[in-house]
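**Student:** Have a peek at final.cif (mmCIF, C-alpha atoms).
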data_run
loop_
_atom_site.label_atom_id
_atom_site.label_comp_id
_atom_site.auth_asym_id
_atom_site.auth_seq_id
_atom_site.Cartn_x
_atom_site.Cartn_y
_atom_site.Cartn_z
CA MET A 286 -2.58 30.38 -65.95
CA LYS A 287 -4.51 32.79 -63.78
CA ASN A 288 -8.27 32.91 -64.14
CA LYS A 289 -9.49 36.03 -65.86
CA LYS A 290 -11.93 38.69 -64.87
CA LEU A 291 -15.15 38.41 -66.80
CA LEU A 292 -17.72 41.19 -66.85
CA GLY A 293 -15.48 43.05 -64.41
CA MET A 294 -15.44 40.31 -61.78
CA ASN A 295 -13.74 37.05 -60.88
CA LYS A 296 -15.67 33.78 -61.13
CA ALA A 297 -18.92 35.39 -62.30
CA VAL A 298 -22.15 33.46 -61.73
CA ILE A 299 -24.65 34.08 -64.54
CA GLY A 300 -28.27 33.18 -63.77
CA MET A 301 -30.54 32.20 -66.65
CA ILE A 302 -34.02 33.55 -67.25
CA HIS A 303 -35.84 31.26 -69.67
CA VAL A 304 -38.56 33.67 -70.79
CA ASP A 305 -42.01 32.19 -71.41
CA ALA A 306 -42.96 31.23 -74.96
CA LEU A 307 -43.02 34.29 -77.19
CA PRO A 308 -45.65 35.41 -79.76
CA GLY A 309 -46.11 33.12 -82.74
CA THR A 310 -44.53 30.06 -81.12
CA PRO A 311 -46.52 26.88 -80.33
CA LYS A 312 -46.55 27.39 -76.54
CA TYR A 313 -47.39 31.12 -76.55
CA LYS A 314 -50.27 31.90 -74.18
CA GLY A 315 -51.24 35.32 -75.48
CA ASP A 316 -50.07 37.58 -72.67
CA VAL A 317 -47.01 39.73 -73.37
CA ASP A 318 -47.26 41.64 -70.10
CA ARG A 319 -47.14 38.40 -68.13
CA ILE A 320 -43.97 37.33 -69.97
CA ILE A 321 -42.23 40.62 -69.17
CA ASN A 322 -43.37 40.70 -65.55
CA LYS A 323 -42.27 37.14 -64.89
CA ALA A 324 -38.82 37.87 -66.32
CA LEU A 325 -38.55 40.93 -64.08
CA LYS A 326 -39.62 38.94 -61.04
CA GLU A 327 -36.92 36.33 -61.69
CA ALA A 328 -34.33 39.07 -62.33
CA MET A 329 -35.01 40.52 -58.90
CA ILE A 330 -34.75 37.08 -57.27
CA TYR A 331 -31.30 36.78 -58.82
CA LYS A 332 -30.25 40.28 -57.80
CA ASN A 333 -31.46 39.84 -54.22
CA SER A 334 -29.60 36.52 -54.02
CA GLY A 335 -26.28 38.10 -54.97
CA ILE A 336 -26.00 36.80 -58.53
CA ASP A 337 -23.24 38.49 -60.57
CA ALA A 338 -24.99 38.62 -63.95
CA ILE A 339 -28.19 37.59 -65.73
CA ALA A 340 -28.87 36.14 -69.19
CA ILE A 341 -32.21 35.79 -70.97
CA GLU A 342 -33.05 33.08 -73.46
CA ASN A 343 -36.16 32.08 -75.43
CA MET A 344 -35.90 28.41 -74.48
CA HIS A 345 -39.67 27.92 -74.31
CA ASP A 346 -40.02 28.75 -78.02
CA ARG A 347 -39.54 25.10 -79.05
CA PRO A 348 -39.34 23.81 -81.69
CA TYR A 349 -36.75 26.37 -82.69
CA LEU A 350 -36.11 28.00 -86.03
CA LYS A 351 -32.60 27.74 -87.44
CA ARG A 352 -30.73 31.03 -87.65
CA ASN A 353 -33.94 32.92 -88.42
CA VAL A 354 -36.54 34.37 -86.05
CA GLY A 355 -39.18 36.97 -86.80
CA PRO A 356 -39.50 40.58 -85.61
CA GLU A 357 -42.10 39.48 -83.06
CA ILE A 358 -39.34 37.54 -81.25
CA ILE A 359 -36.54 40.07 -81.66
CA SER A 360 -38.66 43.01 -80.52
CA LEU A 361 -39.96 41.34 -77.36
CA MET A 362 -36.56 39.93 -76.43
CA THR A 363 -35.16 43.45 -76.81
CA ILE A 364 -37.84 44.86 -74.50
CA ILE A 365 -37.33 42.13 -71.92
CA GLY A 366 -33.57 42.57 -72.06
CA HIS A 367 -33.84 46.31 -71.55
CA GLU A 368 -36.29 45.96 -68.65
CA VAL A 369 -34.19 43.28 -66.94
CA LYS A 370 -31.04 45.37 -67.33
CA MET A 371 -32.69 48.52 -65.97
CA ALA A 372 -34.35 46.74 -63.05
CA SER A 373 -31.35 44.67 -61.96
CA GLN A 374 -28.50 47.03 -62.84
CA LEU A 375 -26.41 43.90 -63.37
CA PRO A 376 -24.40 42.81 -66.39
CA CYS A 377 -26.88 41.11 -68.73
CA GLY A 378 -26.71 38.80 -71.72
CA ILE A 379 -29.02 37.36 -74.32
CA GLN A 380 -29.30 34.26 -76.47
CA ILE A 381 -31.92 33.80 -79.16
CA LEU A 382 -32.48 30.22 -80.26
CA ALA A 383 -31.56 28.62 -82.41
CA GLY A 384 -28.35 30.21 -83.57
CA ALA A 385 -30.00 33.59 -84.21
CA ASN A 386 -26.76 35.31 -83.30
CA LYS A 387 -27.14 38.44 -85.42
CA GLU A 388 -30.64 38.94 -84.05
CA ALA A 389 -29.33 38.55 -80.49
CA LEU A 390 -26.58 41.06 -81.18
CA ALA A 391 -29.07 43.58 -82.58
CA ALA A 392 -31.34 43.10 -79.57
CA ALA A 393 -28.40 43.48 -77.18
CA HIS A 394 -27.29 46.67 -78.89
CA SER A 395 -30.75 48.25 -78.67
CA ALA A 396 -31.38 47.04 -75.10
CA GLY A 397 -28.03 48.13 -73.67
CA ILE A 398 -27.04 44.55 -72.90
CA ASP A 399 -23.47 43.47 -72.24
CA PHE A 400 -23.01 40.11 -73.99
CA ILE A 401 -24.57 37.47 -76.19
CA ARG A 402 -24.23 33.70 -76.18
CA ALA A 403 -23.65 32.47 -79.73
CA GLU A 404 -23.89 28.93 -81.08
CA GLY A 405 -22.36 27.81 -84.34
CA PHE A 406 -19.54 30.37 -84.20
CA VAL A 407 -16.84 28.05 -85.55
CA PHE A 408 -17.15 24.67 -87.31
CA ALA A 409 -20.43 23.31 -88.60
CA HIS A 410 -22.47 20.81 -86.59
CA VAL A 411 -25.80 19.06 -86.84
CA ALA A 412 -28.30 20.44 -84.36
CA ASP A 413 -31.93 19.56 -83.62
CA GLU A 414 -32.86 22.17 -86.24
CA GLY A 415 -30.56 20.81 -88.97
CA VAL A 416 -27.07 21.64 -90.17
CA MET A 417 -25.74 24.73 -88.39
CA GLU A 418 -22.94 26.37 -90.34
CA SER A 419 -20.42 28.67 -88.68
CA ASP A 420 -21.02 32.42 -88.69
CA ALA A 421 -18.02 34.06 -87.00
CA GLY A 422 -17.01 36.13 -90.02
CA GLU A 423 -20.50 37.42 -90.71
CA LEU A 424 -21.32 38.01 -87.04
CA LEU A 425 -18.20 40.02 -86.20
CA ARG A 426 -18.57 42.12 -89.33
CA TYR A 427 -22.17 42.84 -88.33
CA ARG A 428 -21.03 43.83 -84.81
CA LYS A 429 -18.57 46.28 -86.39
CA GLN A 430 -21.19 47.60 -88.80
CA ILE A 431 -23.72 48.51 -86.10
CA GLY A 432 -21.15 49.89 -83.67
CA ALA A 433 -21.67 47.16 -81.08
CA GLU A 434 -18.04 46.29 -80.40
CA ASP A 435 -18.55 46.78 -76.66
CA ILE A 436 -20.90 43.77 -76.62
CA LEU A 437 -19.02 40.57 -75.79
CA ILE A 438 -19.66 37.41 -77.81
CA PHE A 439 -19.30 34.20 -75.79
CA THR A 440 -19.32 31.16 -78.05
CA ASP A 441 -20.32 27.55 -77.49
CA ILE A 442 -17.85 24.95 -78.74
CA LYS A 443 -18.86 21.34 -79.37
CA LYS A 444 -22.20 22.47 -78.00
CA LYS A 445 -24.90 20.40 -76.33
CA HIS A 446 -27.90 18.94 -78.20
CA SER A 447 -25.75 18.51 -81.29
CA SER A 448 -23.90 15.92 -83.33
CA HIS A 449 -20.29 16.70 -84.10
CA SER A 450 -19.50 13.66 -86.21
CA ILE A 451 -18.69 15.81 -89.24
CA THR A 452 -15.91 17.44 -87.22
CA SER A 453 -14.93 14.35 -85.23
CA ASP A 454 -11.32 14.75 -86.41
CA VAL A 455 -11.23 18.23 -84.80
CA ASN A 456 -11.03 17.87 -81.04
CA ILE A 457 -12.32 20.37 -78.51
CA ILE A 458 -8.84 21.88 -78.03
CA GLU A 459 -8.53 22.70 -81.73
CA THR A 460 -12.10 24.00 -81.71
CA ALA A 461 -11.31 26.29 -78.79
CA LYS A 462 -8.15 27.51 -80.52
CA ALA A 463 -10.17 28.25 -83.67
CA ALA A 464 -12.74 30.22 -81.68
CA GLU A 465 -9.95 32.24 -80.11
CA PHE A 466 -8.30 32.80 -83.50
CA PHE A 467 -11.65 33.98 -84.87
CA LEU A 468 -11.83 36.58 -82.07
CA SER A 469 -14.35 35.01 -79.70
CA ASP A 470 -14.54 36.89 -76.39
CA GLY A 471 -14.87 33.64 -74.45
CA VAL A 472 -15.65 29.97 -75.04
CA ILE A 473 -18.46 28.01 -73.39
CA LEU A 474 -18.18 24.31 -72.56
CA THR A 475 -21.26 22.16 -71.92
CA GLY A 476 -22.38 18.61 -71.35
CA ILE A 477 -24.24 16.70 -74.06
CA SER A 478 -27.62 18.21 -73.13
CA THR A 479 -29.29 20.74 -70.85
CA GLY A 480 -28.47 20.02 -67.21
CA GLU A 481 -25.71 17.53 -68.06
CA GLU A 482 -22.28 18.01 -66.52
CA THR A 483 -19.35 19.38 -68.50
CA ASP A 484 -16.36 17.07 -68.89
CA ILE A 485 -13.87 18.30 -66.28
CA ASN A 486 -10.90 16.95 -68.24
CA GLU A 487 -11.97 18.86 -71.35
CA LEU A 488 -12.31 21.99 -69.24
CA LYS A 489 -8.77 21.65 -67.88
CA LYS A 490 -7.35 21.05 -71.36
CA VAL A 491 -9.12 24.04 -72.89
CA ARG A 492 -8.21 26.25 -69.93
CA GLY A 493 -4.57 25.34 -70.46
CA ILE A 494 -4.50 26.22 -74.16
CA VAL A 495 -6.52 29.42 -74.71
CA LYS A 496 -5.96 32.89 -73.31
CA ILE A 497 -9.59 33.99 -73.54
CA PRO A 498 -12.10 33.31 -70.73
CA VAL A 499 -13.59 29.82 -70.40
CA LEU A 500 -17.19 29.51 -69.19
CA ILE A 501 -19.17 26.47 -68.04
CA GLY A 502 -22.60 26.39 -69.69
CA SER A 503 -24.46 23.38 -68.27
CA GLY A 504 -24.74 20.90 -65.44
CA LEU A 505 -23.55 23.01 -62.52
CA THR A 506 -24.94 22.37 -59.03
CA ALA A 507 -24.04 23.22 -55.44
CA ASP A 508 -22.64 19.70 -55.17
CA ASN A 509 -20.22 19.87 -58.11
CA ILE A 510 -19.22 23.54 -58.35
CA GLU A 511 -16.11 22.95 -56.25
CA LYS A 512 -14.44 20.77 -58.88
CA TYR A 513 -15.10 23.27 -61.69
CA PHE A 514 -14.29 26.38 -59.69
CA PRO A 515 -10.49 26.46 -60.12
CA SER A 516 -10.48 26.06 -63.91
CA ALA A 517 -13.43 28.14 -65.16
CA ASP A 518 -13.76 31.91 -65.35
CA ALA A 519 -17.56 32.05 -65.17
CA PHE A 520 -20.55 29.79 -64.61
CA ILE A 521 -23.85 29.90 -66.50
CA ILE A 522 -26.61 28.27 -64.47
CA GLY A 523 -30.19 27.60 -65.50
CA SER A 524 -31.68 24.23 -64.58
CA TYR A 525 -30.26 24.04 -61.07
CA PHE A 526 -31.80 27.39 -60.14
CA LYS A 527 -35.32 26.23 -61.05
CA ARG A 528 -37.80 24.42 -58.84
CA ARG A 529 -36.79 20.75 -58.59
CA GLY A 530 -33.86 21.50 -60.89
CA ASP A 531 -36.08 21.48 -64.00
CA TRP A 532 -35.44 24.27 -66.55
CA ARG A 533 -39.18 24.43 -67.36
CA ASN A 534 -40.04 25.63 -63.85
CA ASP A 535 -39.76 29.06 -62.22
CA VAL A 536 -36.60 30.27 -60.51
CA ASP A 537 -36.39 29.04 -56.91
CA ALA A 538 -34.96 31.73 -54.61
CA ASP A 539 -33.87 29.18 -52.00
CA ARG A 540 -31.85 27.19 -54.53
CA VAL A 541 -30.17 30.33 -55.82
CA LYS A 542 -29.25 31.53 -52.33
CA ALA A 543 -27.92 28.12 -51.33
CA PHE A 544 -25.72 27.97 -54.42
CA MET A 545 -24.42 31.50 -53.89
CA ASN A 546 -23.56 30.66 -50.28
CA THR A 547 -21.53 27.73 -51.54
CA ILE A 548 -19.66 29.64 -54.23
CA ASN A 549 -18.99 32.62 -51.99
CA LYS A 550 -17.21 30.28 -49.58
CA LEU A 551 -15.05 29.11 -52.50
CA LYS A 552 -14.28 32.68 -53.46
#
Please rewrite the model in this file as structure tokens.

**Tutor:**
Amino acid sequence: MKNKKLLGMNKAVIGMIHVDALPGTPKYKGDVDRIINKALKEAMIYKNSGIDAIAIENMHDRPYLKRNVGPEIISLMTIIGHEVKMASQLPCGIQILAGANKEALAAAHSAGIDFIRAEGFVFAHVADEGVMESDAGELLRYRKQIGAEDILIFTDIKKKHSSHSITSDVNIIETAKAAEFFLSDGVILTGISTGEETDINELKKVRGIVKIPVLIGSGLTADNIEKYFPSADAFIIGSYFKRRGDWRNDVDADRVKAFMNTINKLK
């Protein structure tokens, strides 16, 4: 099966911006302007390094709320998303943790953003925040209701940082097929935690069974991209692009450029 174009391009590289802790969260430092400006700075590093797309995420808001964040989070993520999109002129995405998929969709719609990353789309699992039930039906009806059908919804399956024992009799192939049946715009495969490699055999199996795009969502580096390159349609990269490969640090322009040099040779 041929790899598919995603966001209008082949083999898209999506660079993550983990925005600083937002208002009301334990790590918030009381400076909204600094949060916005830092996100813009990292967006321009990505753009100048030849990244294909950018995604923002509130990863510093730990511990996360389950499926429910306040207007102070949604409003600022919307502003950041809009500013990043306008400054970079690249395809942009958003994820709001944990599992706040409707909120992310609303923010994307208002900000003019192109896609969201949704967790808990099909099949329940146990996350750090508790039991995460599936929301595909509600989410897609909400997208229709607000006229946001041009916003793509990429969905994690058997996602990282989660226990899937309650669905242990449903393998990743059946999960991917369910996501496709429930009208996901693309499925995301990950390792067991942030920065951990995706199982290459699972990737090949999923790629062989679904017709929608397959994205890699964790563990990619300049050293391992070659083995994932043939089977995946897009690559979401966060940790590797940060100083010393730690997601908590700032984006490192040299690491981004080195990775893009590697992947451009593969292309």

**Student:** Return the single residue from A:Asp539, A:Glu414, A:Glu434, A:Glu482 that is closest to Leu468 of chain A, with distances computed using only C-alpha atoms.

**Tutor:** A:Glu434

**Student:** Could you please determine the separation between atom CA of Glu342 of chain A and atom CA of Gly378 of chain A in Å, to one decimal place?

**Tutor:**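 If I compute the distance from atom CA of Glu342 of chain A to atom CA of Gly378 of chain A, I get 8.7 Å.
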
**Student:** Report, in Å with one decimal, the straight-line distance from atom CA of Gly315 of chain A to atom CA of Ser524 of chain A.

**Tutor:** 25.0 Å

**Student:** Just the number, please: distance in Å from atom CA of Pro376 of chain A to atom CA of Glu481 of chain A, one decimal.

**Tutor:** 25.4 Å

**Student:** From the set A:Glu487, A:Asp318, A:Asp435, A:Asp535, which residue has the shortest atom-to-atom contact distance to Ile457 of chain A, counting all atoms listed in the file?

**Tutor:**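 Nearest candidate to Ile457 of chain A out of A:Glu487, A:Asp318, A:Asp435, A:Asp535: A:Glu487.
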
**Student:** List the residues matched by the PyMOL selection byres ((chain A and resi 369) around 9) in the displayed structure as a list in words, ordered by chain and then by residue number.

**Tutor:**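 Answer for the PyMOL selection byres ((chain A and resi 369) around 9): Ile321, Ala324, Leu325, Ala328, Met329, Ile339, Ile341, Ile364, Ile365, Gly366, His367, Glu368, Lys370, Met371, Ala372, Ser373, Gln374, Leu375 and Cys377 of chain A.
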
**Student:** Excluding Leu292 of chain A and its own-chain neighbours fewer than 2 positions away, which residues fall within 10 Å of it when counting only C-alpha atoms? Please give them as a compact mmCIF listing (two decimals) with C-alpha atoms, keeping the file's coordinate frame.

**Tutor:**
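What follows is the written file out-v1.txt:
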# COMPACT_ATOMS: atom_id res chain seq x y z
CA LYS A 289 -9.49 36.03 -65.86
CA LYS A 290 -11.93 38.69 -64.87
CA MET A 294 -15.44 40.31 -61.78
CA ASN A 295 -13.74 37.05 -60.88
CA LYS A 296 -15.67 33.78 -61.13
CA ALA A 297 -18.92 35.39 -62.30
CA ASP A 337 -23.24 38.49 -60.57
CA ALA A 338 -24.99 38.62 -63.95
CA LEU A 375 -26.41 43.90 -63.37
CA PRO A 376 -24.40 42.81 -66.39
CA CYS A 377 -26.88 41.11 -68.73
CA ASP A 399 -23.47 43.47 -72.24
CA PHE A 400 -23.01 40.11 -73.99
CA LEU A 437 -19.02 40.57 -75.79
CA ALA A 519 -17.56 32.05 -65.17

**Student:** Mind telling me what the PyMOL selection byres ((chain A and resi 531) around 12) catches here, as a list of chain:residue names?

**Tutor:**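 When the PyMOL selection byres ((chain A and resi 531) around 12) is applied, the selected residues are A:His303, A:Thr479, A:Gly480, A:Glu481, A:Gly504, A:Ile522, A:Gly523, A:Ser524, A:Tyr525, A:Phe526, A:Lys527, A:Arg528, A:Arg529, A:Gly530, A:Trp532, A:Arg533, A:Asn534, A:Asp535, A:Val536, A:Asp537, A:Arg540.
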
**Student:** Would you mind exporting the chosen residues as a PDB file, in the frame of the given file, restricted to C-alpha atoms?

**Tutor:**
ATOM      1  CA  HIS A 303     -35.840  31.260 -69.670  1.00  0.00           C
ATOM      2  CA  THR A 479     -29.290  20.740 -70.850  1.00  0.00           C
ATOM      3  CA  GLY A 480     -28.470  20.020 -67.210  1.00  0.00           C
ATOM      4  CA  GLU A 481     -25.710  17.530 -68.060  1.00  0.00           C
ATOM      5  CA  GLY A 504     -24.740  20.900 -65.440  1.00  0.00           C
ATOM      6  CA  ILE A 522     -26.610  28.270 -64.470  1.00  0.00           C
ATOM      7  CA  GLY A 523     -30.190  27.600 -65.500  1.00  0.00           C
ATOM      8  CA  SER A 524     -31.680  24.230 -64.580  1.00  0.00           C
ATOM      9  CA  TYR A 525     -30.260  24.040 -61.070  1.00  0.00           C
ATOM     10  CA  PHE A 526     -31.800  27.390 -60.140  1.00  0.00           C
ATOM     11  CA  LYS A 527     -35.320  26.230 -61.050  1.00  0.00           C
ATOM     12  CA  ARG A 528     -37.800  24.420 -58.840  1.00  0.00           C
ATOM     13  CA  ARG A 529     -36.790  20.750 -58.590  1.00  0.00           C
ATOM     14  CA  GLY A 530     -33.860  21.500 -60.890  1.00  0.00           C
ATOM     15  CA  TRP A 532     -35.440  24.270 -66.550  1.00  0.00           C
ATOM     16  CA  ARG A 533     -39.180  24.430 -67.360  1.00  0.00           C
ATOM     17  CA  ASN A 534     -40.040  25.630 -63.850  1.00  0.00           C
ATOM     18  CA  ASP A 535     -39.760  29.060 -62.220  1.00  0.00           C
ATOM     19  CA  VAL A 536     -36.600  30.270 -60.510  1.00  0.00           C
ATOM     20  CA  ASP A 537     -36.390  29.040 -56.910  1.00  0.00           C
ATOM     21  CA  ARG A 540     -31.850  27.190 -54.530  1.00  0.00           C
TER      22      ARG A 540
END

**Student:** I need the output of the PyMOL selection byres ((chain A and resi 408) around 8) for this file as an MDAnalysis selection string; which residues are they?

**Tutor:** chainID A and resid 405:407 409:410 418:419 452 460

**Student:** Need the shell around segment 381-396 of chain A: protein/DNA/RNA residues with any atom at most 7 Å away, counting only C-alpha atoms. Skip same-chain ones fewer than 2 positions apart. Format as a ChimeraX atom specification?

**Tutor:** /A:342-344,349-354,359,362-364,366-367,379,398-399,401,403-405,424,433

**Student:** Would you mind telling me which residue in A:Val304, A:Ile436, A:Ile510, A:Val495 lies nearest to Glu459 of chain A when using all atoms listed in the file?

**Tutor:** A:Val495

**Student:** Excluding Ala306 of chain A and its own-chain neighbours fewer than 3 positions away, which residues fall within 7 Å of it when counting only C-alpha atoms? Please give them as a PyMOL selection string.

**Tutor:** chain A and resi 310+312-313+343+345-346

**Student:** Looking at A:Val491, A:Ala517, A:Ile330, A:Ala538, which one is nearest to Val298 of chain A, with distances taken over all atoms listed in the file?

**Tutor:** A:Ala517

**Student:** With distances taken over all atoms listed in the file, which of A:Lys542, A:Lys512, A:Arg319, A:Lys314 is nearest to Leu488 of chain A?

**Tutor:**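 Among the listed residues, the smallest separation from Leu488 of chain A belongs to A:Lys512.
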
**Student:** Considering all atoms listed in the file, can you say which of A:Lys323, A:Lys332, A:Arg402, A:Arg428 comes closest to Leu500 of chain A?

**Tutor:**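 Of A:Lys323, A:Lys332, A:Arg402, A:Arg428, the one nearest Leu500 of chain A is A:Arg402, counting all atoms listed in the file.
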
**Student:** Please return, as a PyMOL selection string, all polymer residues that have at least one atom within 12 Å of the point (-7.9, 24.4, -58.9); use only C-alpha atoms and the file's own coordinate frame.

**Tutor:** chain A and resi 286-288+485+488-489+492+510-518+551-552

**Student:** Given the selection you just returned, output its residues as a file containing C-alpha atoms, formatted as a PDB file, in the frame of the given file.

**Tutor:**
ATOM      1  CA  MET A 286      -2.580  30.380 -65.950  1.00  0.00           C
ATOM      2  CA  LYS A 287      -4.510  32.790 -63.780  1.00  0.00           C
ATOM      3  CA  ASN A 288      -8.270  32.910 -64.140  1.00  0.00           C
ATOM      4  CA  ILE A 485     -13.870  18.300 -66.280  1.00  0.00           C
ATOM      5  CA  LEU A 488     -12.310  21.990 -69.240  1.00  0.00           C
ATOM      6  CA  LYS A 489      -8.770  21.650 -67.880  1.00  0.00           C
ATOM      7  CA  ARG A 492      -8.210  26.250 -69.930  1.00  0.00           C
ATOM      8  CA  ILE A 510     -19.220  23.540 -58.350  1.00  0.00           C
ATOM      9  CA  GLU A 511     -16.110  22.950 -56.250  1.00  0.00           C
ATOM     10  CA  LYS A 512     -14.440  20.770 -58.880  1.00  0.00           C
ATOM     11  CA  TYR A 513     -15.100  23.270 -61.690  1.00  0.00           C
ATOM     12  CA  PHE A 514     -14.290  26.380 -59.690  1.00  0.00           C
ATOM     13  CA  PRO A 515     -10.490  26.460 -60.120  1.00  0.00           C
ATOM     14  CA  SER A 516     -10.480  26.060 -63.910  1.00  0.00           C
ATOM     15  CA  ALA A 517     -13.430  28.140 -65.160  1.00  0.00           C
ATOM     16  CA  ASP A 518     -13.760  31.910 -65.350  1.00  0.00           C
ATOM     17  CA  LEU A 551     -15.050  29.110 -52.500  1.00  0.00           C
ATOM     18  CA  LYS A 552     -14.280  32.680 -53.460  1.00  0.00           C
TER      19      LYS A 552
END
